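upload11.cif follows (mmCIF, C-alpha atoms):
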```cif
data_structure
#
loop_
_atom_site.label_atom_id
_atom_site.label_comp_id
_atom_site.auth_asym_id
_atom_site.auth_seq_id
_atom_site.Cartn_x
_atom_site.Cartn_y
_atom_site.Cartn_z
CA MET N 295 -40.85 60.89 5.47
CA TRP N 296 -38.80 58.59 7.77
CA ALA N 297 -41.65 56.11 7.93
CA ASP N 298 -41.80 56.00 4.13
CA THR N 299 -38.04 55.53 3.91
CA LEU N 300 -38.06 52.64 6.38
CA LEU N 301 -41.07 51.11 4.64
CA ILE N 302 -39.25 51.22 1.30
CA VAL N 303 -36.16 49.59 2.84
CA GLY N 304 -38.45 46.92 4.30
CA ILE N 305 -40.11 46.41 0.92
CA SER N 306 -36.65 46.06 -0.66
CA VAL N 307 -35.60 43.44 1.89
CA PHE N 308 -38.87 41.56 1.42
CA THR N 309 -38.70 41.57 -2.38
CA ALA N 310 -35.02 40.56 -2.34
CA LEU N 311 -35.80 37.62 -0.03
CA LEU N 312 -38.81 36.71 -2.17
CA GLY N 313 -36.69 36.87 -5.32
CA GLU N 314 -33.99 34.68 -3.82
CA GLY N 315 -36.64 32.23 -2.61
CA VAL N 316 -38.12 31.93 -6.09
CA THR N 317 -34.64 31.62 -7.57
CA TRP N 318 -33.80 28.87 -5.07
CA LEU N 319 -36.96 26.97 -6.03
CA LEU N 320 -36.49 27.33 -9.78
CA VAL N 321 -32.69 27.27 -10.06
CA TYR N 322 -30.41 26.75 -7.06
CA LYS N 323 -31.85 23.45 -5.91
CA THR N 324 -31.77 21.85 -9.37
CA GLU N 325 -29.15 19.23 -10.12
CA LYS N 326 -28.10 20.94 -13.36
CA TYR N 327 -27.32 24.22 -11.58
CA GLN N 328 -25.35 22.50 -8.83
CA ARG N 329 -23.36 20.46 -11.36
CA LEU N 330 -22.55 23.54 -13.47
CA LYS N 331 -21.59 25.60 -10.44
CA ALA N 332 -19.25 22.88 -9.16
CA GLU N 333 -17.71 22.55 -12.64
CA ILE N 334 -17.17 26.33 -12.91
CA ASP N 335 -15.53 26.45 -9.49
CA ARG N 336 -13.30 23.50 -10.37
CA GLN N 337 -12.31 24.97 -13.74
CA SER N 338 -11.69 28.42 -12.25
CA LYS N 339 -9.33 27.00 -9.65
CA LYS N 340 -7.58 24.85 -12.25
CA LEU N 341 -7.15 27.81 -14.61
CA GLU N 342 -5.88 30.03 -11.80
CA LYS N 343 -3.37 27.36 -10.79
CA ILE N 344 -2.16 26.96 -14.39
CA LYS N 345 -1.73 30.72 -14.75
CA GLU N 346 0.17 30.96 -11.47
CA THR N 347 2.55 28.09 -12.19
CA HIS N 348 3.22 29.06 -15.80
CA SER N 349 2.95 32.84 -15.63
CA ASP N 350 6.53 33.29 -16.84
CA ALA N 351 6.32 30.77 -19.67
CA LEU N 352 5.46 32.10 -23.08
CA ASP N 353 5.27 28.62 -24.60
CA LYS N 354 2.55 28.16 -27.23
CA GLY N 355 1.49 24.88 -25.63
CA PHE N 356 0.70 26.55 -22.33
CA LYS N 357 -1.11 29.39 -24.09
CA LYS N 358 -3.26 26.89 -25.99
CA LYS N 359 -3.99 25.00 -22.77
CA ILE N 360 -5.00 28.23 -21.03
CA ASP N 361 -7.15 29.23 -24.01
CA ARG N 362 -8.90 25.82 -23.98
CA GLU N 363 -9.60 26.08 -20.26
CA GLU N 364 -10.89 29.65 -20.64
CA GLU N 365 -13.17 28.53 -23.47
CA LYS N 366 -14.57 25.67 -21.34
CA LEU N 367 -15.13 28.09 -18.48
CA LYS N 368 -16.85 30.57 -20.77
CA ASN N 369 -19.15 27.85 -22.14
CA ASN N 370 -20.08 26.67 -18.64
CA ASN N 371 -20.76 30.26 -17.55
CA ARG N 372 -23.04 30.66 -20.58
CA ASP N 373 -24.87 27.43 -19.71
CA LEU N 374 -25.26 28.59 -16.11
CA SER N 375 -26.70 31.90 -17.30
CA LEU N 376 -29.24 30.03 -19.43
CA VAL N 377 -30.26 27.94 -16.41
CA LYS N 378 -30.81 31.13 -14.41
CA MET N 379 -32.76 32.81 -17.21
CA LYS N 380 -36.14 31.18 -16.47
CA SER N 381 -35.99 32.39 -12.89
CA MET N 382 -34.99 35.90 -13.94
CA LEU N 383 -37.96 36.12 -16.33
CA ALA N 384 -40.43 34.99 -13.65
CA ILE N 385 -38.99 37.40 -11.10
CA GLY N 386 -38.90 40.21 -13.65
CA PHE N 387 -42.61 39.90 -14.44
CA ALA N 388 -43.59 39.65 -10.77
CA PHE N 389 -41.45 42.59 -9.69
CA THR N 390 -42.68 44.75 -12.54
CA ALA N 391 -46.22 44.27 -11.25
CA LEU N 392 -45.13 44.97 -7.66
CA LEU N 393 -43.15 48.01 -8.75
CA GLY N 394 -46.17 49.44 -10.54
CA MET N 395 -48.34 48.94 -7.47
CA PHE N 396 -45.82 50.52 -5.08
CA ASN N 397 -45.09 53.32 -7.52
CA SER N 398 -48.78 54.27 -7.56
CA ILE N 399 -48.90 54.21 -3.75
CA PHE N 400 -45.88 56.51 -3.38
CA ASP N 401 -46.63 58.65 -6.46
CA GLY N 402 -45.72 62.30 -5.89
CA ARG N 403 -44.44 61.74 -2.32
CA VAL N 404 -40.97 62.68 -1.16
CA VAL N 405 -39.71 59.55 0.59
CA ALA N 406 -36.17 60.67 1.46
CA LYS N 407 -33.83 63.64 1.31
CA LEU N 408 -30.58 63.02 -0.54
CA PRO N 409 -27.39 64.46 0.97
CA PHE N 410 -26.29 65.53 -2.53
CA THR N 411 -27.73 66.81 -5.77
CA PRO N 412 -27.66 63.99 -8.33
CA ILE N 413 -26.02 64.52 -11.68
CA SER N 414 -28.36 65.76 -14.38
CA TRP N 415 -29.04 62.46 -16.18
CA VAL N 416 -29.96 60.75 -12.86
CA GLN N 417 -32.27 63.55 -11.72
CA GLY N 418 -35.09 62.26 -13.94
CA LEU N 419 -35.14 59.06 -11.89
CA SER N 420 -34.35 60.48 -8.47
CA HIS N 421 -36.95 63.26 -8.79
CA ARG N 422 -39.54 61.26 -10.77
CA ASN N 423 -43.15 62.49 -10.34
CA LEU N 424 -42.16 64.98 -7.63
CA SER N 425 -43.17 68.61 -7.79
CA GLY N 426 -40.74 71.42 -7.10
CA GLU N 427 -37.17 72.12 -8.08
CA ASP N 428 -35.37 70.71 -5.02
CA TYR N 429 -33.40 67.87 -6.60
CA THR N 430 -32.30 66.55 -3.22
CA ASP N 431 -35.86 65.24 -2.79
CA CYS N 432 -35.93 61.53 -3.52
CA SER N 433 -38.72 59.59 -5.20
CA PHE N 434 -39.80 56.04 -4.39
CA ILE N 435 -38.35 54.46 -7.52
CA PHE N 436 -34.83 55.82 -6.95
CA LEU N 437 -34.64 54.76 -3.32
CA TYR N 438 -36.16 51.37 -4.09
CA ILE N 439 -33.68 50.65 -6.87
CA LEU N 440 -30.69 51.67 -4.72
CA CYS N 441 -31.87 49.60 -1.77
CA THR N 442 -32.72 46.55 -3.84
CA MET N 443 -29.39 46.55 -5.67
CA SER N 444 -27.38 46.67 -2.46
CA ILE N 445 -29.60 44.43 -0.35
CA ARG N 446 -30.00 41.67 -2.94
CA GLN N 447 -26.23 41.34 -3.42
CA ASN N 448 -25.71 41.05 0.32
CA ILE N 449 -28.52 38.51 0.71
CA GLN N 450 -26.98 36.40 -2.06
CA LYS N 451 -23.63 36.45 -0.26
CA LEU N 452 -25.28 35.70 3.08
CA LEU N 453 -27.19 32.73 1.70
CA GLY N 454 -24.16 31.47 -0.25
CA PHE N 455 -25.64 31.99 -3.71
CA ALA N 456 -23.09 34.54 -4.92
CA PRO N 457 -20.47 33.21 -7.35
CA SER N 458 -17.17 32.12 -5.82
CA ARG N 459 -14.27 34.55 -5.86
CA ALA N 460 -12.28 32.32 -8.20
CA ALA N 461 -15.13 32.16 -10.71
CA SER N 462 -15.72 35.91 -10.47
CA LYS N 463 -12.05 36.59 -10.97
CA GLN N 464 -11.87 34.39 -14.07
CA SER N 465 -15.10 35.61 -15.66
CA GLY N 466 -13.96 39.23 -15.73
CA GLY N 467 -15.65 42.41 -14.67
CA LEU N 468 -18.66 44.37 -15.78
CA PHE N 469 -17.37 44.83 -19.32
CA GLY N 470 -16.50 41.21 -20.07
CA GLN N 471 -13.33 39.20 -19.96
CA GLN N 472 -10.32 41.06 -18.70
CA PRO N 473 -7.09 40.51 -20.56
CA PRO N 474 -4.70 38.15 -18.77
CA THR N 475 -1.75 39.81 -17.12
CA LEU N 476 1.64 38.23 -16.85
CA LYS N 477 3.45 38.62 -13.55
#
```
Exercise: express the given structure as structure tokens:
Amino acid sequence: MWADTLLIVGISVFTALLGEGVTWLLVYKTEKYQRLKAEIDRQSKKLEKIKETHSDALDKGFKKKIDREEEKLKNNNRDLSLVKMKSMLAIGFAFTALLGMFNSIFDGRVVAKLPFTPISWVQGLSHRNLSGEDYTDCSFIFLYILCTMSIRQNIQKLLGFAPSRAASKQSGGLFGQQPPTLK
């Protein structure tokens, strides 16, 4: 079981590096991506500076200026997402094929033991194609997804491909744009 677990972590590292390599070839090294990324960073810093210096002002002129800057930033983020889309489609197709191959290799094998019992709606994924009723047994797909999500984010940060903190702060969280807060 430990060998399978380490193999899956290794597969996750390999596929994350492969994915970032393909993304670098198709996206990160292009002039359009670099121009958009620089523009987003510049606009994010400018917007943050405007909000800090005029956080107390409730003047309509400043609100309109902030709204214009936020709209420009949103448009550039959309354009950047479109540039990344071709890479994501290529990686998606390749990883779906790899996932199917690895899933058939590890089909029905317990690859790890979870230190907890997953909540009911996650058990279908964590206990996928495993026999028995011990829901702390972990299937390949669950461990692979967890490893890939965490490893890929860290590889992006390590290689410098993650978005800047200023851009992340301005673009909002998981559920879209966060409302501005006045200090």
Selection result of the PyMOL selection byres ((chain N and resi 388-397) around 12) on this file, as number ranges by chain = N: 298, 301-302, 305-306, 308-310, 312-313, 316, 381-387, 398-403, 405, 422-423, 433-439, 442
Polymer residues at most 12 Å from N:Pro412, all atoms listed in the file, same-chain spacing of 2 or more positions, as a PyMOL selection string = chain N and resi 407-410+414-421+428-432+436
What does the file look like for those residues with C-alpha atoms, as a PDB file, keeping the file's coordinate frame?
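What landed in again33.pdb:
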```pdb
ATOM      1  CA  LYS N 407     -33.830  63.640   1.310  1.00  0.00           C
ATOM      2  CA  LEU N 408     -30.580  63.020  -0.540  1.00  0.00           C
ATOM      3  CA  PRO N 409     -27.390  64.460   0.970  1.00  0.00           C
ATOM      4  CA  PHE N 410     -26.290  65.530  -2.530  1.00  0.00           C
ATOM      5  CA  SER N 414     -28.360  65.760 -14.380  1.00  0.00           C
ATOM      6  CA  TRP N 415     -29.040  62.460 -16.180  1.00  0.00           C
ATOM      7  CA  VAL N 416     -29.960  60.750 -12.860  1.00  0.00           C
ATOM      8  CA  GLN N 417     -32.270  63.550 -11.720  1.00  0.00           C
ATOM      9  CA  GLY N 418     -35.090  62.260 -13.940  1.00  0.00           C
ATOM     10  CA  LEU N 419     -35.140  59.060 -11.890  1.00  0.00           C
ATOM     11  CA  SER N 420     -34.350  60.480  -8.470  1.00  0.00           C
ATOM     12  CA  HIS N 421     -36.950  63.260  -8.790  1.00  0.00           C
ATOM     13  CA  ASP N 428     -35.370  70.710  -5.020  1.00  0.00           C
ATOM     14  CA  TYR N 429     -33.400  67.870  -6.600  1.00  0.00           C
ATOM     15  CA  THR N 430     -32.300  66.550  -3.220  1.00  0.00           C
ATOM     16  CA  ASP N 431     -35.860  65.240  -2.790  1.00  0.00           C
ATOM     17  CA  CYS N 432     -35.930  61.530  -3.520  1.00  0.00           C
ATOM     18  CA  PHE N 436     -34.830  55.820  -6.950  1.00  0.00           C
TER      19      PHE N 436
END
```
Resolved residues for the PyMOL selection byres ((chain N and resi 374) around 12) as a ChimeraX atom specification | /N:321-322,324-335,367-373,375-381,457
Centre, x/y/z edge lengths, axis-aligned box for stretch 353-357 of chain N with 5 Å per side, as JSON:
```
{"center_x": 2.1, "center_y": 27.1, "center_z": -24.8, "size_x": 16.4, "size_y": 14.5, "size_z": 14.9}
```
Specify as a ChimeraX atom specification each residue included when the PyMOL selection byres ((chain N and resi 360) around 10) is applied to this file.
-> /N:340-342,344-345,348,354-359,361-366
For C-alpha atoms, I'd like the residues from the last selection saved as an mmCIF file, keeping the file's coordinate frame.
```
data_model
loop_
_atom_site.group_PDB
_atom_site.id
_atom_site.type_symbol
_atom_site.label_atom_id
_atom_site.label_comp_id
_atom_site.auth_asym_id
_atom_site.auth_seq_id
_atom_site.Cartn_x
_atom_site.Cartn_y
_atom_site.Cartn_z
ATOM 1 C CA LYS N 340 -7.580 24.850 -12.250
ATOM 2 C CA LEU N 341 -7.150 27.810 -14.610
ATOM 3 C CA GLU N 342 -5.880 30.030 -11.800
ATOM 4 C CA ILE N 344 -2.160 26.960 -14.390
ATOM 5 C CA LYS N 345 -1.730 30.720 -14.750
ATOM 6 C CA HIS N 348 3.220 29.060 -15.800
ATOM 7 C CA LYS N 354 2.550 28.160 -27.230
ATOM 8 C CA GLY N 355 1.490 24.880 -25.630
ATOM 9 C CA PHE N 356 0.700 26.550 -22.330
ATOM 10 C CA LYS N 357 -1.110 29.390 -24.090
ATOM 11 C CA LYS N 358 -3.260 26.890 -25.990
ATOM 12 C CA LYS N 359 -3.990 25.000 -22.770
ATOM 13 C CA ASP N 361 -7.150 29.230 -24.010
ATOM 14 C CA ARG N 362 -8.900 25.820 -23.980
ATOM 15 C CA GLU N 363 -9.600 26.080 -20.260
ATOM 16 C CA GLU N 364 -10.890 29.650 -20.640
ATOM 17 C CA GLU N 365 -13.170 28.530 -23.470
ATOM 18 C CA LYS N 366 -14.570 25.670 -21.340
#
```
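Here atom CA of N:Leu440 stands at a distance of 18.6 Å from atom CA of N:Leu452.
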Between atom CA of N:Met295 and atom CA of N:Ser444, what is the distance, to one decimal in Å?
->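 Straight-line distance from atom CA of N:Met295 to atom CA of N:Ser444 works out to 21.1 Å.
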Atom-to-atom span, atom CA of N:Val303 and atom CA of N:Ala406, Å |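 Pair atom CA of N:Val303 / atom CA of N:Ala406 returns 11.2 Å.
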Fix up stretch 337-367 of chain N with N, CA and C atoms, then write it as a PDB file, in the coordinates of the input.
```pdb
ATOM      1  N   GLN N 337     -13.062  24.450 -12.599  1.00  0.00           N
ATOM      2  CA  GLN N 337     -12.310  24.970 -13.740  1.00  0.00           C
ATOM      3  C   GLN N 337     -11.626  26.292 -13.409  1.00  0.00           C
ATOM      4  N   SER N 338     -12.281  27.135 -12.636  1.00  0.00           N
ATOM      5  CA  SER N 338     -11.690  28.420 -12.250  1.00  0.00           C
ATOM      6  C   SER N 338     -10.422  28.209 -11.429  1.00  0.00           C
ATOM      7  N   LYS N 339     -10.499  27.294 -10.474  1.00  0.00           N
ATOM      8  CA  LYS N 339      -9.330  27.000  -9.650  1.00  0.00           C
ATOM      9  C   LYS N 339      -8.211  26.382 -10.482  1.00  0.00           C
ATOM     10  N   LYS N 340      -8.577  25.485 -11.394  1.00  0.00           N
ATOM     11  CA  LYS N 340      -7.580  24.850 -12.250  1.00  0.00           C
ATOM     12  C   LYS N 340      -6.906  25.884 -13.145  1.00  0.00           C
ATOM     13  N   LEU N 341      -7.686  26.783 -13.735  1.00  0.00           N
ATOM     14  CA  LEU N 341      -7.150  27.810 -14.610  1.00  0.00           C
ATOM     15  C   LEU N 341      -6.253  28.780 -13.834  1.00  0.00           C
ATOM     16  N   GLU N 342      -6.690  29.139 -12.640  1.00  0.00           N
ATOM     17  CA  GLU N 342      -5.880  30.030 -11.800  1.00  0.00           C
ATOM     18  C   GLU N 342      -4.553  29.376 -11.448  1.00  0.00           C
ATOM     19  N   LYS N 343      -4.590  28.089 -11.140  1.00  0.00           N
ATOM     20  CA  LYS N 343      -3.370  27.360 -10.790  1.00  0.00           C
ATOM     21  C   LYS N 343      -2.431  27.281 -11.989  1.00  0.00           C
ATOM     22  N   ILE N 344      -2.979  27.016 -13.172  1.00  0.00           N
ATOM     23  CA  ILE N 344      -2.160  26.960 -14.390  1.00  0.00           C
ATOM     24  C   ILE N 344      -1.514  28.310 -14.642  1.00  0.00           C
ATOM     25  N   LYS N 345      -2.276  29.381 -14.501  1.00  0.00           N
ATOM     26  CA  LYS N 345      -1.730  30.720 -14.750  1.00  0.00           C
ATOM     27  C   LYS N 345      -0.644  31.079 -13.739  1.00  0.00           C
ATOM     28  N   GLU N 346      -0.838  30.662 -12.482  1.00  0.00           N
ATOM     29  CA  GLU N 346       0.170  30.960 -11.470  1.00  0.00           C
ATOM     30  C   GLU N 346       1.460  30.186 -11.699  1.00  0.00           C
ATOM     31  N   THR N 347       1.345  28.921 -12.037  1.00  0.00           N
ATOM     32  CA  THR N 347       2.550  28.090 -12.190  1.00  0.00           C
ATOM     33  C   THR N 347       3.294  28.379 -13.481  1.00  0.00           C
ATOM     34  N   HIS N 348       2.589  28.822 -14.498  1.00  0.00           N
ATOM     35  CA  HIS N 348       3.220  29.060 -15.800  1.00  0.00           C
ATOM     36  C   HIS N 348       3.115  30.510 -16.232  1.00  0.00           C
ATOM     37  N   SER N 349       3.117  31.432 -15.282  1.00  0.00           N
ATOM     38  CA  SER N 349       2.950  32.840 -15.630  1.00  0.00           C
ATOM     39  C   SER N 349       4.159  33.381 -16.388  1.00  0.00           C
ATOM     40  N   ASP N 350       5.335  32.804 -16.162  1.00  0.00           N
ATOM     41  CA  ASP N 350       6.530  33.290 -16.840  1.00  0.00           C
ATOM     42  C   ASP N 350       6.701  32.655 -18.219  1.00  0.00           C
ATOM     43  N   ALA N 351       6.131  31.499 -18.412  1.00  0.00           N
ATOM     44  CA  ALA N 351       6.320  30.770 -19.670  1.00  0.00           C
ATOM     45  C   ALA N 351       5.505  31.399 -20.787  1.00  0.00           C
ATOM     46  N   LEU N 352       6.151  31.563 -21.913  1.00  0.00           N
ATOM     47  CA  LEU N 352       5.460  32.100 -23.080  1.00  0.00           C
ATOM     48  C   LEU N 352       5.322  31.012 -24.155  1.00  0.00           C
ATOM     49  N   ASP N 353       5.359  29.770 -23.719  1.00  0.00           N
ATOM     50  CA  ASP N 353       5.270  28.620 -24.600  1.00  0.00           C
ATOM     51  C   ASP N 353       3.878  28.560 -25.233  1.00  0.00           C
ATOM     52  N   LYS N 354       3.833  28.246 -26.520  1.00  0.00           N
ATOM     53  CA  LYS N 354       2.550  28.160 -27.230  1.00  0.00           C
ATOM     54  C   LYS N 354       1.662  27.065 -26.667  1.00  0.00           C
ATOM     55  N   GLY N 355       2.264  25.985 -26.197  1.00  0.00           N
ATOM     56  CA  GLY N 355       1.490  24.880 -25.630  1.00  0.00           C
ATOM     57  C   GLY N 355       0.721  25.308 -24.397  1.00  0.00           C
ATOM     58  N   PHE N 356       1.378  26.075 -23.538  1.00  0.00           N
ATOM     59  CA  PHE N 356       0.700  26.550 -22.330  1.00  0.00           C
ATOM     60  C   PHE N 356      -0.379  27.575 -22.679  1.00  0.00           C
ATOM     61  N   LYS N 357      -0.104  28.407 -23.669  1.00  0.00           N
ATOM     62  CA  LYS N 357      -1.110  29.390 -24.090  1.00  0.00           C
ATOM     63  C   LYS N 357      -2.345  28.696 -24.644  1.00  0.00           C
ATOM     64  N   LYS N 358      -2.122  27.640 -25.436  1.00  0.00           N
ATOM     65  CA  LYS N 358      -3.260  26.890 -25.990  1.00  0.00           C
ATOM     66  C   LYS N 358      -4.037  26.204 -24.884  1.00  0.00           C
ATOM     67  N   LYS N 359      -3.325  25.664 -23.894  1.00  0.00           N
ATOM     68  CA  LYS N 359      -3.990  25.000 -22.770  1.00  0.00           C
ATOM     69  C   LYS N 359      -4.827  26.009 -21.986  1.00  0.00           C
ATOM     70  N   ILE N 360      -4.268  27.177 -21.749  1.00  0.00           N
ATOM     71  CA  ILE N 360      -5.000  28.230 -21.030  1.00  0.00           C
ATOM     72  C   ILE N 360      -6.210  28.668 -21.848  1.00  0.00           C
ATOM     73  N   ASP N 361      -6.026  28.829 -23.157  1.00  0.00           N
ATOM     74  CA  ASP N 361      -7.150  29.230 -24.010  1.00  0.00           C
ATOM     75  C   ASP N 361      -8.263  28.187 -24.005  1.00  0.00           C
ATOM     76  N   ARG N 362      -7.890  26.896 -24.024  1.00  0.00           N
ATOM     77  CA  ARG N 362      -8.900  25.820 -23.980  1.00  0.00           C
ATOM     78  C   ARG N 362      -9.675  25.863 -22.669  1.00  0.00           C
ATOM     79  N   GLU N 363      -8.947  26.023 -21.571  1.00  0.00           N
ATOM     80  CA  GLU N 363      -9.600  26.080 -20.260  1.00  0.00           C
ATOM     81  C   GLU N 363     -10.508  27.305 -20.145  1.00  0.00           C
ATOM     82  N   GLU N 364     -10.053  28.442 -20.671  1.00  0.00           N
ATOM     83  CA  GLU N 364     -10.890  29.650 -20.640  1.00  0.00           C
ATOM     84  C   GLU N 364     -12.137  29.475 -21.488  1.00  0.00           C
ATOM     85  N   GLU N 365     -12.008  28.778 -22.614  1.00  0.00           N
ATOM     86  CA  GLU N 365     -13.170  28.530 -23.470  1.00  0.00           C
ATOM     87  C   GLU N 365     -14.173  27.604 -22.782  1.00  0.00           C
ATOM     88  N   LYS N 366     -13.679  26.558 -22.098  1.00  0.00           N
ATOM     89  CA  LYS N 366     -14.570  25.670 -21.340  1.00  0.00           C
ATOM     90  C   LYS N 366     -15.295  26.443 -20.246  1.00  0.00           C
ATOM     91  N   LEU N 367     -14.538  27.293 -19.557  1.00  0.00           N
ATOM     92  CA  LEU N 367     -15.130  28.090 -18.480  1.00  0.00           C
ATOM     93  C   LEU N 367     -16.183  29.049 -19.030  1.00  0.00           C
TER      94      LEU N 367
END
```
